[in-house]
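Have a look at the structure below before the remarks.
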Amino acid sequence: MTNSENTTYCATVGVFDGVHCGHQQVIRRVIAIAEAAGMKSMVITFDRNPLEVICPERAPKPIMTLTERISRLQAMGVDRVEVLPFDNDFMQTTAFDFMHETLYMRLNVRCMVTGYDNRFGKRNPDENFETYVSYGKRIGIDVVLGPQPEECGLFDGRAVSSSLIRHLIDSGRKEEADTLMMLK
């Protein structure tokens, strides 16, 4: 199904559990690029952590509910939050097909900002940022590398991540975790 609206988007794709300062840096970059290019900004997330389907025994406990995530993403000023259902069928989608069918055709994405460690689509160990750039050129999506971890700042020498936030919460360091998730 082709998106019939004329609005084009600069988007990013991820779970964004916790919407921590690293996520916020990526989202701010999306908003800035969208504004500069005359597009709208979009965050594409999933109804669950993909690991809940791919490898349930390794799926982390969520930091926040889907409703909380959507609310925090909207509070950042994103024009659109799109929630995709992640199920066994979706899990079989290749990165190229996801970029072409879902991002380009269905959602009108013309620019995509990826996090430094972002991977998507049916796992192909040879795919990386350069692969996504190549796919984007073939499809019509400009693929841009998002901020590096140090742009958010490191915490105890580690990049801020959802895993780090969970570790802090589990270690009784909720105030520190909250600081890293505070909207700035």
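Simple scheme: letters A, B, ... for chains in structure tokens order, numbers from 1 for residues in each chain, numbers from 1 for ligands in the order shown.
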Which residues are near Lys137 of chain A? Cut-off 12 Å, only C-alpha atoms, ignore same chain within fewer than 3 positions. Put them as a PDB file with all heavy atoms, in the first residue's frame.
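Written file, selection22.pdb:
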```
ATOM      1  N   PHE A  96      16.286  -4.436   3.539  1.00  0.00           N
ATOM      2  CA  PHE A  96      15.934  -3.780   2.279  1.00  0.00           C
ATOM      3  C   PHE A  96      14.422  -3.678   2.129  1.00  0.00           C
ATOM      4  O   PHE A  96      13.884  -2.618   1.791  1.00  0.00           O
ATOM      5  CB  PHE A  96      16.529  -4.510   1.077  1.00  0.00           C
ATOM      6  CG  PHE A  96      16.221  -3.825  -0.224  1.00  0.00           C
ATOM      7  CD1 PHE A  96      17.028  -2.799  -0.679  1.00  0.00           C
ATOM      8  CD2 PHE A  96      15.108  -4.184  -0.974  1.00  0.00           C
ATOM      9  CE1 PHE A  96      16.738  -2.127  -1.874  1.00  0.00           C
ATOM     10  CE2 PHE A  96      14.803  -3.530  -2.156  1.00  0.00           C
ATOM     11  CZ  PHE A  96      15.619  -2.499  -2.613  1.00  0.00           C
ATOM     12  N   MET A  99      12.971  -1.134   4.535  1.00  0.00           N
ATOM     13  CA  MET A  99      13.230   0.229   4.079  1.00  0.00           C
ATOM     14  C   MET A  99      12.351   0.590   2.887  1.00  0.00           C
ATOM     15  O   MET A  99      11.792   1.682   2.838  1.00  0.00           O
ATOM     16  CB  MET A  99      14.715   0.409   3.732  1.00  0.00           C
ATOM     17  CG  MET A  99      15.620   0.433   4.947  1.00  0.00           C
ATOM     18  SD  MET A  99      17.380   0.560   4.508  1.00  0.00           S
ATOM     19  CE  MET A  99      17.440   2.255   3.885  1.00  0.00           C
ATOM     20  N   HIS A 100      12.205  -0.320   1.945  1.00  0.00           N
ATOM     21  CA  HIS A 100      11.427  -0.015   0.741  1.00  0.00           C
ATOM     22  C   HIS A 100       9.926  -0.035   1.007  1.00  0.00           C
ATOM     23  O   HIS A 100       9.225   0.946   0.730  1.00  0.00           O
ATOM     24  CB  HIS A 100      11.779  -0.988  -0.389  1.00  0.00           C
ATOM     25  CG  HIS A 100      11.047  -0.676  -1.656  1.00  0.00           C
ATOM     26  ND1 HIS A 100       9.946  -1.392  -2.058  1.00  0.00           N
ATOM     27  CD2 HIS A 100      11.235   0.302  -2.578  1.00  0.00           C
ATOM     28  CE1 HIS A 100       9.482  -0.874  -3.183  1.00  0.00           C
ATOM     29  NE2 HIS A 100      10.251   0.147  -3.521  1.00  0.00           N
ATOM     30  N   TYR A 104       9.697   3.660   2.913  1.00  0.00           N
ATOM     31  CA  TYR A 104       9.527   4.485   1.721  1.00  0.00           C
ATOM     32  C   TYR A 104       8.079   4.482   1.216  1.00  0.00           C
ATOM     33  O   TYR A 104       7.465   5.541   1.059  1.00  0.00           O
ATOM     34  CB  TYR A 104      10.473   4.018   0.615  1.00  0.00           C
ATOM     35  CG  TYR A 104      10.458   4.911  -0.594  1.00  0.00           C
ATOM     36  CD1 TYR A 104      11.244   6.053  -0.634  1.00  0.00           C
ATOM     37  CD2 TYR A 104       9.648   4.622  -1.686  1.00  0.00           C
ATOM     38  CE1 TYR A 104      11.233   6.895  -1.741  1.00  0.00           C
ATOM     39  CE2 TYR A 104       9.635   5.454  -2.796  1.00  0.00           C
ATOM     40  CZ  TYR A 104      10.415   6.591  -2.813  1.00  0.00           C
ATOM     41  OH  TYR A 104      10.391   7.420  -3.908  1.00  0.00           O
ATOM     42  N   ARG A 110      11.849   9.775   3.729  1.00  0.00           N
ATOM     43  CA  ARG A 110      12.835  10.117   2.707  1.00  0.00           C
ATOM     44  C   ARG A 110      14.213  10.356   3.305  1.00  0.00           C
ATOM     45  O   ARG A 110      15.193  10.514   2.595  1.00  0.00           O
ATOM     46  CB  ARG A 110      12.387  11.358   1.921  1.00  0.00           C
ATOM     47  CG  ARG A 110      11.082  11.149   1.155  1.00  0.00           C
ATOM     48  CD  ARG A 110      11.220  10.012   0.132  1.00  0.00           C
ATOM     49  NE  ARG A 110      10.014   9.802  -0.652  1.00  0.00           N
ATOM     50  CZ  ARG A 110       9.086   8.881  -0.375  1.00  0.00           C
ATOM     51  NH1 ARG A 110       9.227   8.078   0.666  1.00  0.00           N
ATOM     52  NH2 ARG A 110       8.033   8.743  -1.150  1.00  0.00           N
ATOM     53  N   CYS A 111      14.270  10.392   4.627  1.00  0.00           N
ATOM     54  CA  CYS A 111      15.541  10.515   5.344  1.00  0.00           C
ATOM     55  C   CYS A 111      15.419   9.675   6.603  1.00  0.00           C
ATOM     56  O   CYS A 111      14.390   9.709   7.279  1.00  0.00           O
ATOM     57  CB  CYS A 111      15.810  11.976   5.701  1.00  0.00           C
ATOM     58  SG  CYS A 111      17.305  12.201   6.696  1.00  0.00           S
ATOM     59  N   MET A 112      16.462   8.921   6.901  1.00  0.00           N
ATOM     60  CA  MET A 112      16.450   8.081   8.095  1.00  0.00           C
ATOM     61  C   MET A 112      17.740   8.309   8.874  1.00  0.00           C
ATOM     62  O   MET A 112      18.832   8.232   8.309  1.00  0.00           O
ATOM     63  CB  MET A 112      16.327   6.608   7.717  1.00  0.00           C
ATOM     64  CG  MET A 112      16.314   5.690   8.927  1.00  0.00           C
ATOM     65  SD  MET A 112      16.086   3.966   8.484  1.00  0.00           S
ATOM     66  CE  MET A 112      17.662   3.576   7.770  1.00  0.00           C
ATOM     67  N   GLU A 130      26.823   1.245   6.287  1.00  0.00           N
ATOM     68  CA  GLU A 130      27.119   1.435   4.866  1.00  0.00           C
ATOM     69  C   GLU A 130      26.118   0.670   3.996  1.00  0.00           C
ATOM     70  O   GLU A 130      25.737   1.136   2.910  1.00  0.00           O
ATOM     71  CB  GLU A 130      28.557   1.005   4.538  1.00  0.00           C
ATOM     72  CG  GLU A 130      29.613   1.951   5.069  1.00  0.00           C
ATOM     73  CD  GLU A 130      29.874   1.809   6.567  1.00  0.00           C
ATOM     74  OE1 GLU A 130      29.599   0.723   7.137  1.00  0.00           O
ATOM     75  OE2 GLU A 130      30.335   2.790   7.173  1.00  0.00           O
ATOM     76  N   THR A 131      25.702  -0.503   4.453  1.00  0.00           N
ATOM     77  CA  THR A 131      24.698  -1.276   3.725  1.00  0.00           C
ATOM     78  C   THR A 131      23.392  -0.494   3.647  1.00  0.00           C
ATOM     79  O   THR A 131      22.771  -0.404   2.583  1.00  0.00           O
ATOM     80  CB  THR A 131      24.443  -2.629   4.416  1.00  0.00           C
ATOM     81  OG1 THR A 131      25.680  -3.308   4.605  1.00  0.00           O
ATOM     82  CG2 THR A 131      23.505  -3.492   3.583  1.00  0.00           C
ATOM     83  N   TYR A 132      22.985   0.099   4.764  1.00  0.00           N
ATOM     84  CA  TYR A 132      21.738   0.866   4.793  1.00  0.00           C
ATOM     85  C   TYR A 132      21.839   2.100   3.890  1.00  0.00           C
ATOM     86  O   TYR A 132      20.877   2.468   3.220  1.00  0.00           O
ATOM     87  CB  TYR A 132      21.378   1.288   6.215  1.00  0.00           C
ATOM     88  CG  TYR A 132      21.232   0.130   7.185  1.00  0.00           C
ATOM     89  CD1 TYR A 132      21.579   0.272   8.515  1.00  0.00           C
ATOM     90  CD2 TYR A 132      20.762  -1.115   6.773  1.00  0.00           C
ATOM     91  CE1 TYR A 132      21.454  -0.777   9.410  1.00  0.00           C
ATOM     92  CE2 TYR A 132      20.647  -2.175   7.659  1.00  0.00           C
ATOM     93  CZ  TYR A 132      20.992  -2.004   8.977  1.00  0.00           C
ATOM     94  OH  TYR A 132      20.872  -3.044   9.857  1.00  0.00           O
ATOM     95  N   VAL A 133      23.013   2.730   3.863  1.00  0.00           N
ATOM     96  CA  VAL A 133      23.222   3.878   2.967  1.00  0.00           C
ATOM     97  C   VAL A 133      23.037   3.419   1.519  1.00  0.00           C
ATOM     98  O   VAL A 133      22.358   4.084   0.722  1.00  0.00           O
ATOM     99  CB  VAL A 133      24.618   4.508   3.167  1.00  0.00           C
ATOM    100  CG1 VAL A 133      24.935   5.520   2.071  1.00  0.00           C
ATOM    101  CG2 VAL A 133      24.711   5.164   4.538  1.00  0.00           C
ATOM    102  N   SER A 134      23.618   2.285   1.166  1.00  0.00           N
ATOM    103  CA  SER A 134      23.506   1.742  -0.188  1.00  0.00           C
ATOM    104  C   SER A 134      22.050   1.427  -0.527  1.00  0.00           C
ATOM    105  O   SER A 134      21.567   1.769  -1.612  1.00  0.00           O
ATOM    106  CB  SER A 134      24.366   0.478  -0.295  1.00  0.00           C
ATOM    107  OG  SER A 134      24.147  -0.169  -1.521  1.00  0.00           O
ATOM    108  N   GLY A 140      15.673   5.632  -2.395  1.00  0.00           N
ATOM    109  CA  GLY A 140      15.307   7.041  -2.346  1.00  0.00           C
ATOM    110  C   GLY A 140      15.211   7.575  -0.930  1.00  0.00           C
ATOM    111  O   GLY A 140      14.475   8.522  -0.662  1.00  0.00           O
ATOM    112  N   ILE A 141      15.966   6.952  -0.035  1.00  0.00           N
ATOM    113  CA  ILE A 141      16.019   7.398   1.360  1.00  0.00           C
ATOM    114  C   ILE A 141      17.457   7.798   1.674  1.00  0.00           C
ATOM    115  O   ILE A 141      18.384   7.002   1.487  1.00  0.00           O
ATOM    116  CB  ILE A 141      15.573   6.289   2.341  1.00  0.00           C
ATOM    117  CG1 ILE A 141      14.122   5.889   2.092  1.00  0.00           C
ATOM    118  CG2 ILE A 141      15.767   6.740   3.790  1.00  0.00           C
ATOM    119  CD1 ILE A 141      13.652   4.699   2.926  1.00  0.00           C
ATOM    120  N   ASP A 142      17.641   9.026   2.168  1.00  0.00           N
ATOM    121  CA  ASP A 142      18.960   9.484   2.606  1.00  0.00           C
ATOM    122  C   ASP A 142      19.185   8.920   4.007  1.00  0.00           C
ATOM    123  O   ASP A 142      18.410   9.208   4.921  1.00  0.00           O
ATOM    124  CB  ASP A 142      18.987  11.013   2.623  1.00  0.00           C
ATOM    125  CG  ASP A 142      20.347  11.573   2.939  1.00  0.00           C
ATOM    126  OD1 ASP A 142      21.366  10.880   2.703  1.00  0.00           O
ATOM    127  OD2 ASP A 142      20.403  12.725   3.425  1.00  0.00           O
ATOM    128  N   VAL A 143      20.201   8.096   4.184  1.00  0.00           N
ATOM    129  CA  VAL A 143      20.492   7.476   5.479  1.00  0.00           C
ATOM    130  C   VAL A 143      21.634   8.240   6.138  1.00  0.00           C
ATOM    131  O   VAL A 143      22.707   8.394   5.555  1.00  0.00           O
ATOM    132  CB  VAL A 143      20.842   5.987   5.321  1.00  0.00           C
ATOM    133  CG1 VAL A 143      21.157   5.360   6.668  1.00  0.00           C
ATOM    134  CG2 VAL A 143      19.688   5.238   4.640  1.00  0.00           C
ATOM    135  N   VAL A 144      21.379   8.731   7.354  1.00  0.00           N
ATOM    136  CA  VAL A 144      22.313   9.583   8.081  1.00  0.00           C
ATOM    137  C   VAL A 144      22.674   8.904   9.401  1.00  0.00           C
ATOM    138  O   VAL A 144      21.798   8.406  10.109  1.00  0.00           O
ATOM    139  CB  VAL A 144      21.650  10.956   8.374  1.00  0.00           C
ATOM    140  CG1 VAL A 144      22.574  11.850   9.171  1.00  0.00           C
ATOM    141  CG2 VAL A 144      21.203  11.619   7.084  1.00  0.00           C
TER     142      VAL A 144
END
```
Please provide the set of residues having any atom within 8 Å of Val26 of chain A, restricted to only C-alpha atoms, with same-chain residues fewer than 5 positions apart removed, written as a list in words.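 Once the adjacent positions are removed, what remains is Thr12, Val113, Thr114, Gly115, Gly146 and Pro147 of chain A.
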Extract, using only C-alpha atoms, all DNA, RNA and protein residues at most 12 Å from Leu168 of chain A, discarding same-chain residues fewer than 3 positions from it, and format them as a list in words.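 In the requested format, the answer is Ile63, Phe155, Asp156, Val160, Ser161, Ser162, Ser163, Leu164, Ile165, Ser171, Gly172, Arg173, Lys174, Glu175, Glu176, Ala177, Asp178, Thr179, Leu180 and Met181 of chain A.
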Hey, what does DSSP flag as helix (DSSP H, G or I) within chain A? Can you give it to me as a PyMOL selection string? chain A and resi 21-37+51-54+56-58+66-75+88-91+95-106+129-139+149-151+162-170+174-181
Residues within 12 Å of Phe120 of chain A, please, as a ChimeraX atom specification. Count only C-alpha atoms; anything in the same chain fewer than 3 positions from it doesn't count. /A:12-15,44-46,50,86,90-99,114-115,117,123-125,127-129,131-132
Please indicate the distance in Å from atom CA of Asp170 of chain A to atom CA of Gln148 of chain A, rounded to one decimal place. 25.8 Å
